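Only one structure is covered here, and it is reproduced in the block below.
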Number of protein chains: 2
Amino acid sequence: MGEKYNKYSKYYVAVDCVIFGYTNDDLKLLLYHRGFEPAKGMWSLIGGFVGETESSDTAARRILKNITGLDEIYLEQVQAFTEPKRDIEDRVISITYYALIRIDKHNSDKVRENGAHWWSMKALPAFIFDHKEMVDKALEKLQLKAGLELVGSELLPDKFTLLQLRKLYEAIFQKELDTGNFRKKVLSLKVLQRLDEKNTTESRRGAYYFKFIEGAKEKSFERIVKI
Amino acid sequence: MGEKYNKYSKYYVAVDCVIFGYTNDDLKLLLYHRGFEPAKGMWSLIGGFVGETESSDTAARRILKNITGLDEIYLEQVQAFTEPKRDIEDRVISITYYALIRIDKHNSDKVRENGAHWWSMKALPAFIFDHKEMVDKALEKLQLKAGLELVGSELLPDKFTLLQLRKLYEAIFQKELDTGNFRKKVLSLKVLQRLDEKNTTESRRGAYYFKFIEGAKEKSFERIVKI
DNA sequence: GCAAAAGTGTTAAAACTACACCCATGC
DNA sequence: GCATGGGTGTAGTTTTAACACTTTTGC
């Protein structure tokens with residue numbers, strides 16, 4: 001390696017992942033419990049250091065695979081957090097990502113082994129360092145995405161009802177949405193296909209299942225929810 | 001400092017700034033000419049390394065102040081670029097920012113001394129490393145911002161005509177906008193105040209100058225240009 | 001008089017919003 | 001029969017988009 005830069009300092013570089021999942025009408029985050037001082041008992045995002053041969057994207061995928069068993073996770077960089085004293089131990093630059101996880105597909109034993117737990121977004125615990133800020137930024141970014149294109153295939157089971165989809169959107173935007181209007185908006189995008197099968201567990205009448213049409217990306221930047 | 005992390009590697013951390021300015025109906029970028037091999041003759045964003053006591057935000061402000069003489073620049077983080085081999089010399093993580101500069105206010109002598117030049121977005125030169133990608137991402141982010149709130153105070157002189165504002169928007173979105181509709185949309189936001197003074201240099205008839213009303217933030221997330 | 005930008009007006013289509021209302025079914 | 005979500009319909013308003021037209025003034 002060259003030595004042109006050696007009057008400058010180097011720092012540790014880590015990734016932290018805001019892992020969103022969705023079950024039971026509830027948007028959730030996968031978090032680690034911190035079992036040692038300092039900040040023992042608080043919760044942290046799942047993260048790790050960036051290795052010498054990998055990009056931060058690759059590192060995030062490695063870490064996510066490790067803990068959830070899943071490949072091909074939807075992943076987006078949020079931003080870098082760089083305050084010199086953000087980590088108590090030493091200077092660490094954190095590059096934050098958010099990930100969308102199908103809880104029904106992930107390896108829950110592995111998660112448990114690793115000491116991670118799913119927390120509802122409605123009642124999050126105390127975070128270490130600047131992790132709360134990371135979560136806030138990640139949610140903002142998720143809202144931006146969900147407002148411009150229909151998310152769901154990354155979070156819902158393969159087949160789902162429009163109630164489930166609406167509840168997901170309500171969880172993401174943390175507000176209630178009109179049943180009829182949401183339905184019309186979503187169906188107008190032509191990315192969902194109705195199946196000949198009904199879900200009868202969530203309502204008396206039963207609601208048709210829908211699935212995402214393979215490869216049918218809605219025309220970009222349709223507005224789904226006004227933010 | 002602690003030694004808990006010392007089995008991990010450290011890397012150089014730099015910031016690169018995509019500096020937007022606007023003059024003569026033209027959106028511009030401030031770039032450095034690279035005077036040495038490798039990649040001699042190509043152009044690079046303006047950047048520098050992050051010091052031990054500063055965050056990347058602070059570093060970006062320091063570098064911007066150095067080259068433009070300006071404090072209080074509008075600055076937003078774009079994202080981190082982390083490919084292991086993105087820099088030829090050694091591994092450097094780049095945290096990319098974009099900045100909006102009032103060209104009429106900046107110190108152009110200083111810029112010249114530093115070997116920087118303004119390039120029109122319409123005809124950009126060849127960039128080193130991944131700097132082209134940084135510019136693309138920065139423009140996307142600027143479009144997102146400009147689509148949701150009225151930018152201009154950061155790029156235009158204190159008083160400006162609606163023609164100038166529209167030309168700025170056309171430069172940002174790289175497409176033509178309807179005169180009448182743009183005018184109505186922009187004025188409906190109630191953030192501009194018409195002055196009793198006309199600009200007669202850009203049209204025969206003369207156009208009223210406008211200025212931004214101090215502190216009048218439009219209600220957040222109005223849509224100005226559909227993206 | 002012409003060109004060029006300033007500024008206003010018109011109109012149809014599309015999108016948004018807030019509802020009302022009937023349907024199907026398990027309890 | 002009633003509560004619950006499923007699903008459709010409607011009506012008023014707002015927003016968008018395209019473009020016509022009138023004004024002003026230097027050349």
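A note on labels: chains of the structure tokens are A, B, ... as shown, every chain counts residues from 1, and ligands are counted from 1 in their shown order.
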Original post:
Which residues of chain A are close to chain C, meaning at most 9 Å apart when you count only C-alpha atoms (C1' of nucleotides), and how do they look as a ChimeraX atom specification?
Top reply: /A:178,181,203-206
Kindly export the residues of the current selection with N, CA, C and O atoms, as a PDB file, in the first residue's frame.
```pdb
ATOM      1  N   ASP A 178     -57.363   5.365   5.639  1.00  0.00           N
ATOM      2  CA  ASP A 178     -58.736   5.051   5.247  1.00  0.00           C
ATOM      3  C   ASP A 178     -58.780   3.735   4.469  1.00  0.00           C
ATOM      4  O   ASP A 178     -58.036   3.547   3.505  1.00  0.00           O
ATOM      5  N   ASN A 181     -59.901   4.098   0.588  1.00  0.00           N
ATOM      6  CA  ASN A 181     -58.949   4.847  -0.216  1.00  0.00           C
ATOM      7  C   ASN A 181     -57.624   4.116  -0.380  1.00  0.00           C
ATOM      8  O   ASN A 181     -57.044   4.104  -1.463  1.00  0.00           O
ATOM      9  N   SER A 203     -61.194 -12.309   9.755  1.00  0.00           N
ATOM     10  CA  SER A 203     -62.501 -11.674   9.662  1.00  0.00           C
ATOM     11  C   SER A 203     -63.551 -12.747   9.428  1.00  0.00           C
ATOM     12  O   SER A 203     -63.251 -13.829   8.960  1.00  0.00           O
ATOM     13  N   ARG A 204     -64.763 -12.426   9.762  1.00  0.00           N
ATOM     14  CA  ARG A 204     -65.851 -13.381   9.586  1.00  0.00           C
ATOM     15  C   ARG A 204     -66.063 -13.706   8.115  1.00  0.00           C
ATOM     16  O   ARG A 204     -66.173 -14.856   7.722  1.00  0.00           O
ATOM     17  N   ARG A 205     -66.093 -12.643   7.355  1.00  0.00           N
ATOM     18  CA  ARG A 205     -66.450 -12.815   5.953  1.00  0.00           C
ATOM     19  C   ARG A 205     -65.342 -13.492   5.149  1.00  0.00           C
ATOM     20  O   ARG A 205     -65.598 -14.199   4.181  1.00  0.00           O
ATOM     21  N   GLY A 206     -64.111 -13.238   5.552  1.00  0.00           N
ATOM     22  CA  GLY A 206     -62.976 -13.752   4.795  1.00  0.00           C
ATOM     23  C   GLY A 206     -62.519 -12.744   3.766  1.00  0.00           C
ATOM     24  O   GLY A 206     -63.339 -12.097   3.111  1.00  0.00           O
TER      25      GLY A 206
END
```
Subject >> Residue list for chain B near chain A as a ChimeraX atom specification, 9 Å, only C-alpha atoms >> reply: /B:1-5,8-13,49-57,77-85,88-93,95,220-222,226-227
Subject >> Interface list for chain D, partner chain B, 7 Å threshold, only C-alpha atoms (C1' of nucleotides), as a ChimeraX atom specification >> reply: /D:24-26
Just the selected residues (C-alpha atoms (C1' of nucleotides)), exported as a PDB file, in the first residue's frame, please.
```
ATOM      1  C1'  DT D  24     -44.705  45.537 -21.767  1.00  0.00           C
ATOM      2  C1'  DT D  25     -40.774  47.313 -23.944  1.00  0.00           C
ATOM      3  C1'  DG D  26     -36.136  47.456 -26.444  1.00  0.00           C
TER       4       DG D  26
END
```
**OP:** Would you please extract all helix (DSSP H, G or I) residues from region 41-151 of chain A, as assigned by DSSP on the backbone, and give them as an MDAnalysis selection string?
**Re:** chainID A and resid 56:68 108:113 131:148
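The strand (DSSP E or B) portion of region 60-138 of chain A consists of A:Tyr74, A:Leu75, A:Glu76, A:Gln77, A:Val78, A:Gln79, A:Ala80, A:Phe81, A:Val92, A:Ile93, A:Ser94, A:Ile95, A:Thr96, A:Tyr97, A:Tyr98, A:Ala99, A:Leu100, A:Ala116, A:His117, A:Trp118, A:Trp119, A:Ser120, A:Phe127, with states taken from DSSP on the backbone.
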Subject >> Selection near Tyr169 (chain B), 12 Å with only C-alpha atoms (C1' of nucleotides), sequence-local residues under 6 positions removed, as a PyMOL selection string >> reply: chain B and resi 22+25-27+142-147+149-152+155-156+162-163+175-179+182-183+186+224-227
Original post:
Distance CA of Leu64 (chain B)-CA of Ser120 (chain B), one decimal place?
Top reply: 19.1 Å
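Between CA of Arg194 (chain B) and CA of Ala207 (chain B) the separation is 10.2 Å.
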